[in-house]
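What follows is one structure encoded as structure tokens, with my remarks underneath.
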Amino acid sequence: MRGFALSLGLVVLGSCVVECQENQRSPWDRTSDTLCFDGPGRAGWEIVNNQAPWQARTGHGSVSFQQMLYVIGGRSVDGTLLSDMWQSIDGREWQASSAVSAWTGRYRFGVVNMNNKIWILGGIIAPSAVGGSPYVSNEVWSLSSDGSSWDQIVTHSNVTTAANSTSSSSAAPPAIWAPRHSMVSVVFLGRIWLISGVEALVEASAAKTEEFRHDI
């Protein structure tokens with residue numbers, strides 16, 4: 001489940017279905033719906049679209065960018081790792097983004113809005129070759145300010161570099177942080193902060209203590 005605040009209220013976008021007793025059920029029991037909460041003293045939760053046009057998914061990214069809601073990537077019901085992006089101004093009407101995704105499908109990645117760009121960080125990524133296996137990454141991509149194209153800022157590498165290292169290559173440098181998924185990513189004081197995460201190719205709920213990253 002992904003949610004965030006926007007001027008129209010608190011928004012929840014998709015999730016896994018959670019089985020529970022009828023009297024415990026929340027309004028969000030579908031995987032491709034959109035809900036909006038107007039706040040205390042108002043109507044409360046409202047399903048504004050109970051079957052959005054994007055595929056039902058989990059582990060996706062969601063972010064507010066230029067007063068639009070975005071749903072990015074994730075894992076579909078059949079296990080496919082997605083690389084699409086959808087946008088909406090109100091959570092009711094959705095359209096596929098015109099930006100061509102240069103990155104392969106992924107889920108449980110970090111996503112933030114900083115410097116008028118969308119940034120996606122790490123996650124579990126689909127293999128680029130047929131017959132390959134998904135892997136945990138530390139690559140970084142950003143969406144241009146006009147929303148038209150993606151640029152790779154950091155390439156995936158299992159060998160991280162020192163924070164003060166330099167390279168004469170014009171290619172995107174390797175990351176200085178280890179591959180991970182299911183991490184916390186936030187913007188604070190004009191910087192992107194990446195907190196903890198899981199380095200093993202397992203669900204966070206099944207990860208052992210030693211499979212978590214304990215860093216910032």
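Please note that chains go A, B, ... in the order of the structure tokens, that every chain numbers its residues from 1, and that ligands are numbered from 1 in the order shown.
Around Ser128 of chain A, within 10 Å and counting only C-alpha atoms, the residues found are Trp103, Thr104, Gly105, Gly132, Ser133 and Pro134 of chain A, once anything fewer than 4 positions away on its own chain is removed.
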### Query
Can you tell me, as a PyMOL selection string, what residues are no more than 7 Å from Ile216 of chain A when counting only C-alpha atoms, ignoring any on the same chain fewer than 6 positions away?
chain A and resi 193-196
With the cut-off set at 10 Å and counting only C-alpha atoms, tabulate each residue of segment 90-198 of chain A with an atom at most that distance from an atom of segment 51-67 of chain A, showing the nearest atom pair and its distance in Å to one decimal, ordered by chain and increasing number, as a Markdown table.
| residue | atom | partner | partner_atom | distance |
| --- | --- | --- | --- | --- |
| A:Asp90 | CA | A:Gln67 | CA | 9.2 |
| A:Gly91 | CA | A:Ala52 | CA | 8.7 |
| A:Arg92 | CA | A:Ala52 | CA | 7.8 |
| A:Glu93 | CA | A:Ala52 | CA | 8.0 |
| A:Trp94 | CA | A:Pro53 | CA | 6.9 |
| A:Gln95 | CA | A:Pro53 | CA | 7.9 |
| A:Ala96 | CA | A:Trp54 | CA | 8.1 |
| A:Arg106 | CA | A:His60 | CA | 8.0 |
| A:Tyr107 | CA | A:Gly59 | CA | 4.9 |
| A:Arg108 | CA | A:Gly59 | CA | 4.6 |
| A:Phe109 | CA | A:Gly61 | CA | 6.9 |
| A:Gly110 | CA | A:Gly61 | CA | 7.0 |
| A:Val111 | CA | A:Gly61 | CA | 5.9 |
| A:Val112 | CA | A:Val63 | CA | 6.5 |
| A:Asn113 | CA | A:Phe65 | CA | 6.5 |
| A:Met114 | CA | A:Phe65 | CA | 9.1 |
| A:Asn116 | CA | A:Phe65 | CA | 7.5 |
| A:Lys117 | CA | A:Phe65 | CA | 7.6 |
| A:Ile118 | CA | A:Phe65 | CA | 7.1 |
| A:Trp119 | CA | A:Val63 | CA | 9.7 |
| A:Ile120 | CA | A:Gly61 | CA | 8.2 |
| A:Gly123 | CA | A:Gly59 | CA | 9.3 |
| A:Ile124 | CA | A:Gly59 | CA | 9.5 |
| A:Ser145 | CA | A:Gln66 | CA | 9.1 |
| A:Asp146 | CA | A:Gln66 | CA | 9.6 |
| A:Gly147 | CA | A:Phe65 | CA | 9.4 |
| A:His181 | CA | A:Gly59 | CA | 9.9 |
| A:Ser182 | CA | A:Gly59 | CA | 8.4 |
Writer output for current selection, C-alpha atoms, as a CSV table (one decimal), in the first residue's frame:
chain,number,residue,atom,x,y,z
A,90,ASP,CA,-7.4,13.9,-8.6
A,91,GLY,CA,-7.2,10.1,-8.2
A,92,ARG,CA,-10.3,9.6,-10.3
A,93,GLU,CA,-9.1,9.9,-13.8
A,94,TRP,CA,-5.8,8.3,-14.8
A,95,GLN,CA,-3.7,8.2,-17.9
A,96,ALA,CA,-0.4,6.5,-18.8
A,106,ARG,CA,11.0,-3.3,-10.4
A,107,TYR,CA,9.3,-3.2,-7.1
A,108,ARG,CA,10.0,-2.3,-3.5
A,109,PHE,CA,12.2,0.6,-4.6
A,110,GLY,CA,12.5,4.1,-3.1
A,111,VAL,CA,10.9,7.1,-4.7
A,112,VAL,CA,11.0,10.8,-3.9
A,113,ASN,CA,10.4,14.2,-5.4
A,114,MET,CA,13.4,16.6,-5.1
A,116,ASN,CA,11.5,19.3,-9.3
A,117,LYS,CA,12.3,15.7,-10.4
A,118,ILE,CA,11.1,12.2,-9.5
A,119,TRP,CA,13.9,10.0,-8.3
A,120,ILE,CA,13.7,6.1,-8.1
A,123,GLY,CA,14.7,-2.1,-5.4
A,124,ILE,CA,14.2,-5.6,-6.7
A,145,SER,CA,11.5,18.3,-14.8
A,146,ASP,CA,9.2,18.4,-17.9
A,147,GLY,CA,8.3,14.7,-17.3
A,181,HIS,CA,15.0,-2.9,-1.3
A,182,SER,CA,12.1,-2.0,1.1
### Message
I'd like to know which of A:Ala204, A:Leu82, A:Ile176, A:Tyr70 is closest to Ser97 of chain A, using only C-alpha atoms.
### Response
A:Tyr70
### Summary
Of A:Leu69, A:Ile47, A:Ile125, A:Ile192, the one nearest to Ser83 of chain A when counting only C-alpha atoms is A:Ile125
### Task
Do a neighbour search on Ser157 of chain A at 12 Å with only C-alpha atoms, toss out local chain neighbours closer than 3 positions, and write the hits as a PyMOL selection string.
chain A and resi 122+135-140+154+160-161+172-180
### Task
Have a look at atom CA of Ala126 of chain A and atom CA of Ser101 of chain A and let me know their distance in Å, one decimal.
13.5 Å
Please, which residues of segment 106-183 of chain A, numbered as in this document, come out strand (DSSP E or B) from DSSP, as a compact mmCIF listing (two decimals) with all heavy atoms, in the first residue's frame?
# COMPACT_ATOMS: atom_id res chain seq x y z
N ARG A 106 10.47 -3.17 -11.80
CA ARG A 106 11.01 -3.28 -10.45
C ARG A 106 9.91 -3.05 -9.42
O ARG A 106 8.86 -2.49 -9.71
CB ARG A 106 12.14 -2.28 -10.23
CG ARG A 106 11.69 -0.82 -10.32
CD ARG A 106 12.89 0.09 -10.52
NE ARG A 106 13.57 -0.24 -11.76
CZ ARG A 106 14.87 0.00 -11.97
NH1 ARG A 106 15.60 0.59 -11.06
NH2 ARG A 106 15.42 -0.33 -13.13
N TYR A 107 10.19 -3.47 -8.20
CA TYR A 107 9.27 -3.17 -7.10
C TYR A 107 10.06 -3.04 -5.80
O TYR A 107 11.25 -3.33 -5.75
CB TYR A 107 8.17 -4.23 -6.99
CG TYR A 107 8.54 -5.56 -6.37
CD1 TYR A 107 7.90 -5.99 -5.20
CD2 TYR A 107 9.47 -6.40 -6.95
CE1 TYR A 107 8.21 -7.23 -4.64
CE2 TYR A 107 9.77 -7.64 -6.40
CZ TYR A 107 9.14 -8.04 -5.24
OH TYR A 107 9.44 -9.26 -4.68
N GLY A 110 12.79 2.80 -3.70
CA GLY A 110 12.51 4.09 -3.09
C GLY A 110 12.10 5.09 -4.15
O GLY A 110 12.55 5.00 -5.31
N VAL A 111 11.25 6.04 -3.81
CA VAL A 111 10.87 7.09 -4.74
C VAL A 111 10.63 8.39 -3.97
O VAL A 111 10.00 8.38 -2.92
CB VAL A 111 9.60 6.70 -5.55
CG1 VAL A 111 8.42 6.40 -4.65
CG2 VAL A 111 9.24 7.78 -6.56
N VAL A 112 11.20 9.49 -4.49
CA VAL A 112 11.03 10.81 -3.86
C VAL A 112 10.90 11.86 -4.95
O VAL A 112 11.21 11.62 -6.12
CB VAL A 112 12.23 11.16 -2.94
CG1 VAL A 112 12.33 10.21 -1.76
CG2 VAL A 112 13.53 11.20 -3.73
N ASN A 113 10.46 13.04 -4.54
CA ASN A 113 10.40 14.21 -5.40
C ASN A 113 11.36 15.23 -4.82
O ASN A 113 11.17 15.71 -3.71
CB ASN A 113 8.96 14.75 -5.41
CG ASN A 113 8.82 16.05 -6.19
OD1 ASN A 113 9.78 16.60 -6.73
ND2 ASN A 113 7.61 16.58 -6.24
N MET A 114 12.41 15.55 -5.56
CA MET A 114 13.38 16.56 -5.12
C MET A 114 13.89 17.34 -6.31
O MET A 114 14.10 16.78 -7.39
CB MET A 114 14.57 15.89 -4.39
CG MET A 114 15.51 16.92 -3.74
SD MET A 114 16.98 16.20 -2.99
CE MET A 114 17.94 15.81 -4.46
N LYS A 117 12.15 16.97 -9.67
CA LYS A 117 12.35 15.73 -10.41
C LYS A 117 11.86 14.56 -9.56
O LYS A 117 11.89 14.63 -8.32
CB LYS A 117 13.83 15.51 -10.75
CG LYS A 117 14.42 16.51 -11.72
CD LYS A 117 15.87 16.15 -12.02
CE LYS A 117 16.48 17.12 -13.02
NZ LYS A 117 17.89 16.75 -13.36
N ILE A 118 11.41 13.49 -10.22
CA ILE A 118 11.13 12.24 -9.53
C ILE A 118 12.39 11.39 -9.57
O ILE A 118 13.03 11.25 -10.62
CB ILE A 118 9.96 11.48 -10.21
CG1 ILE A 118 8.65 12.27 -10.07
CG2 ILE A 118 9.79 10.08 -9.60
CD1 ILE A 118 7.47 11.62 -10.78
N TRP A 119 12.74 10.80 -8.42
CA TRP A 119 13.91 9.95 -8.31
C TRP A 119 13.46 8.56 -7.86
O TRP A 119 12.67 8.44 -6.93
CB TRP A 119 14.90 10.51 -7.29
CG TRP A 119 15.38 11.89 -7.59
CD1 TRP A 119 14.67 13.05 -7.46
CD2 TRP A 119 16.67 12.26 -8.08
NE1 TRP A 119 15.43 14.13 -7.84
CE2 TRP A 119 16.67 13.67 -8.23
CE3 TRP A 119 17.82 11.55 -8.40
CZ2 TRP A 119 17.79 14.37 -8.69
CZ3 TRP A 119 18.93 12.24 -8.86
CH2 TRP A 119 18.91 13.64 -9.00
N ILE A 120 13.97 7.51 -8.52
CA ILE A 120 13.72 6.15 -8.05
C ILE A 120 15.05 5.51 -7.69
O ILE A 120 16.06 5.70 -8.37
CB ILE A 120 12.94 5.30 -9.08
CG1 ILE A 120 13.67 5.18 -10.41
CG2 ILE A 120 11.55 5.87 -9.30
CD1 ILE A 120 12.97 4.24 -11.38
N LEU A 121 15.04 4.74 -6.60
CA LEU A 121 16.28 4.29 -5.96
C LEU A 121 16.21 2.80 -5.66
O LEU A 121 15.31 2.34 -4.96
CB LEU A 121 16.48 5.05 -4.64
CG LEU A 121 16.19 6.56 -4.65
CD1 LEU A 121 15.92 7.06 -3.26
CD2 LEU A 121 17.36 7.30 -5.27
N GLY A 122 17.17 2.04 -6.19
CA GLY A 122 17.31 0.63 -5.85
C GLY A 122 16.07 -0.20 -6.12
O GLY A 122 15.33 0.01 -7.07
N GLY A 123 15.83 -1.18 -5.25
CA GLY A 123 14.67 -2.06 -5.36
C GLY A 123 15.04 -3.43 -5.91
O GLY A 123 16.20 -3.75 -6.14
N ILE A 124 14.01 -4.25 -6.11
CA ILE A 124 14.17 -5.57 -6.73
C ILE A 124 13.83 -5.39 -8.21
O ILE A 124 12.74 -4.95 -8.56
CB ILE A 124 13.25 -6.61 -6.08
CG1 ILE A 124 13.62 -6.79 -4.60
CG2 ILE A 124 13.35 -7.95 -6.81
CD1 ILE A 124 12.70 -7.73 -3.85
N ILE A 125 14.77 -5.77 -9.06
CA ILE A 125 14.69 -5.42 -10.48
C ILE A 125 14.59 -6.67 -11.35
O ILE A 125 15.23 -7.69 -11.07
CB ILE A 125 15.92 -4.59 -10.88
CG1 ILE A 125 15.93 -3.29 -10.09
CG2 ILE A 125 15.96 -4.32 -12.37
CD1 ILE A 125 17.09 -2.38 -10.42
N TYR A 135 17.12 -9.28 -9.27
CA TYR A 135 18.22 -9.00 -8.35
C TYR A 135 17.94 -7.71 -7.59
O TYR A 135 17.13 -6.87 -7.99
CB TYR A 135 19.55 -8.91 -9.11
CG TYR A 135 19.61 -7.81 -10.14
CD1 TYR A 135 20.15 -6.55 -9.85
CD2 TYR A 135 19.13 -8.02 -11.44
CE1 TYR A 135 20.20 -5.55 -10.80
CE2 TYR A 135 19.17 -7.02 -12.40
CZ TYR A 135 19.72 -5.78 -12.07
OH TYR A 135 19.77 -4.80 -13.01
N VAL A 136 18.63 -7.56 -6.47
CA VAL A 136 18.50 -6.36 -5.64
C VAL A 136 19.52 -5.34 -6.14
O VAL A 136 20.70 -5.66 -6.33
CB VAL A 136 18.74 -6.68 -4.16
CG1 VAL A 136 18.57 -5.42 -3.32
CG2 VAL A 136 17.78 -7.77 -3.69
N SER A 137 19.08 -4.11 -6.37
CA SER A 137 19.91 -3.12 -7.04
C SER A 137 20.16 -1.88 -6.17
O SER A 137 19.50 -1.66 -5.15
CB SER A 137 19.26 -2.69 -8.34
OG SER A 137 20.02 -1.70 -9.01
N ASN A 138 21.12 -1.08 -6.62
CA ASN A 138 21.36 0.23 -6.02
C ASN A 138 21.45 1.31 -7.09
O ASN A 138 22.06 2.36 -6.88
CB ASN A 138 22.64 0.22 -5.17
CG ASN A 138 23.85 -0.31 -5.92
OD1 ASN A 138 23.77 -0.65 -7.10
ND2 ASN A 138 24.98 -0.39 -5.24
N GLU A 139 20.86 1.06 -8.26
CA GLU A 139 20.90 2.08 -9.30
C GLU A 139 19.91 3.19 -8.99
O GLU A 139 18.94 3.01 -8.24
CB GLU A 139 20.63 1.47 -10.67
CG GLU A 139 19.23 0.91 -10.87
CD GLU A 139 19.06 0.28 -12.24
OE1 GLU A 139 20.05 -0.27 -12.77
OE2 GLU A 139 17.95 0.33 -12.78
N VAL A 140 20.14 4.35 -9.61
CA VAL A 140 19.31 5.54 -9.39
C VAL A 140 18.93 6.14 -10.73
O VAL A 140 19.79 6.31 -11.61
CB VAL A 140 20.07 6.60 -8.55
CG1 VAL A 140 19.21 7.86 -8.37
CG2 VAL A 140 20.45 6.03 -7.18
N TRP A 141 17.63 6.47 -10.87
CA TRP A 141 17.12 7.13 -12.07
C TRP A 141 16.37 8.39 -11.67
O TRP A 141 15.80 8.47 -10.57
CB TRP A 141 16.17 6.21 -12.83
CG TRP A 141 16.81 5.01 -13.45
CD1 TRP A 141 17.19 3.85 -12.81
CD2 TRP A 141 17.17 4.83 -14.82
NE1 TRP A 141 17.74 2.97 -13.69
CE2 TRP A 141 17.75 3.55 -14.94
CE3 TRP A 141 17.06 5.63 -15.95
CZ2 TRP A 141 18.21 3.04 -16.16
CZ3 TRP A 141 17.51 5.13 -17.17
CH2 TRP A 141 18.08 3.85 -17.26
N SER A 142 16.34 9.37 -12.56
CA SER A 142 15.54 10.57 -12.31
C SER A 142 14.73 10.94 -13.55
O SER A 142 15.18 10.73 -14.69
CB SER A 142 16.42 11.75 -11.89
OG SER A 142 17.15 12.26 -12.99
N LEU A 143 13.54 11.45 -13.31
CA LEU A 143 12.66 11.91 -14.38
C LEU A 143 12.89 13.40 -14.60
O LEU A 143 12.94 14.17 -13.64
CB LEU A 143 11.20 11.66 -14.02
CG LEU A 143 10.14 12.07 -15.05
CD1 LEU A 143 10.23 11.19 -16.29
CD2 LEU A 143 8.74 11.97 -14.45
N SER A 149 11.39 12.38 -19.98
CA SER A 149 12.41 11.33 -20.16
C SER A 149 13.10 11.00 -18.84
O SER A 149 13.12 11.80 -17.91
CB SER A 149 13.47 11.79 -21.18
OG SER A 149 14.13 12.96 -20.72
N TRP A 150 13.66 9.77 -18.80
CA TRP A 150 14.39 9.30 -17.64
C TRP A 150 15.89 9.31 -17.92
O TRP A 150 16.33 9.00 -19.02
CB TRP A 150 13.97 7.87 -17.29
CG TRP A 150 12.60 7.75 -16.71
CD1 TRP A 150 11.44 7.51 -17.38
CD2 TRP A 150 12.25 7.86 -15.32
NE1 TRP A 150 10.38 7.45 -16.51
CE2 TRP A 150 10.85 7.67 -15.24
CE3 TRP A 150 12.98 8.09 -14.15
CZ2 TRP A 150 10.18 7.70 -14.02
CZ3 TRP A 150 12.31 8.13 -12.94
CH2 TRP A 150 10.92 7.94 -12.89
N ASP A 151 16.67 9.65 -16.90
CA ASP A 151 18.12 9.62 -16.98
C ASP A 151 18.66 8.71 -15.89
O ASP A 151 18.20 8.77 -14.73
CB ASP A 151 18.72 11.01 -16.80
CG ASP A 151 18.34 11.96 -17.92
OD1 ASP A 151 18.47 11.56 -19.10
OD2 ASP A 151 17.90 13.09 -17.63
N GLN A 152 19.63 7.86 -16.23
CA GLN A 152 20.27 7.04 -15.21
C GLN A 152 21.38 7.85 -14.56
O GLN A 152 22.32 8.29 -15.21
CB GLN A 152 20.84 5.75 -15.80
CG GLN A 152 21.37 4.81 -14.73
CD GLN A 152 21.70 3.42 -15.25
OE1 GLN A 152 21.98 3.26 -16.42
NE2 GLN A 152 21.65 2.44 -14.37
N ILE A 153 21.25 8.04 -13.25
CA ILE A 153 22.19 8.86 -12.50
C ILE A 153 23.29 8.00 -11.89
O ILE A 153 24.45 8.40 -11.83
CB ILE A 153 21.46 9.64 -11.39
CG1 ILE A 153 20.27 10.41 -11.98
CG2 ILE A 153 22.41 10.58 -10.67
CD1 ILE A 153 20.65 11.38 -13.08
N VAL A 154 22.92 6.81 -11.44
CA VAL A 154 23.88 5.89 -10.82
C VAL A 154 23.62 4.49 -11.37
O VAL A 154 22.48 4.05 -11.46
CB VAL A 154 23.72 5.89 -9.27
CG1 VAL A 154 24.58 4.80 -8.65
CG2 VAL A 154 24.10 7.25 -8.69
N THR A 155 24.67 3.79 -11.75
CA THR A 155 24.54 2.43 -12.27
C THR A 155 24.59 1.41 -11.14
O THR A 155 25.16 1.66 -10.08
CB THR A 155 25.65 2.10 -13.28
OG1 THR A 155 26.93 2.25 -12.62
CG2 THR A 155 25.59 3.04 -14.47
N PRO A 174 28.98 4.21 -10.28
CA PRO A 174 28.34 3.23 -9.39
C PRO A 174 27.92 3.90 -8.09
O PRO A 174 28.39 4.98 -7.75
CB PRO A 174 29.44 2.19 -9.16
CG PRO A 174 30.71 2.94 -9.37
CD PRO A 174 30.42 3.95 -10.45
N HIS A 181 16.38 -3.13 -0.95
CA HIS A 181 14.98 -2.87 -1.27
C HIS A 181 14.22 -2.64 0.04
O HIS A 181 14.76 -2.84 1.13
CB HIS A 181 14.36 -4.02 -2.07
CG HIS A 181 14.26 -5.32 -1.32
ND1 HIS A 181 13.18 -5.66 -0.55
CD2 HIS A 181 15.11 -6.38 -1.24
CE1 HIS A 181 13.35 -6.85 -0.02
NE2 HIS A 181 14.53 -7.32 -0.42
### Message
One decimal, in Å: what's the spacing between atom CA of Val100 of chain A and atom CA of Asn115 of chain A?
### Response
20.6 Å
## Note on the structure
atom CA of Gly73 of chain A to atom CA of Pro127 of chain A measures 14.5 Å
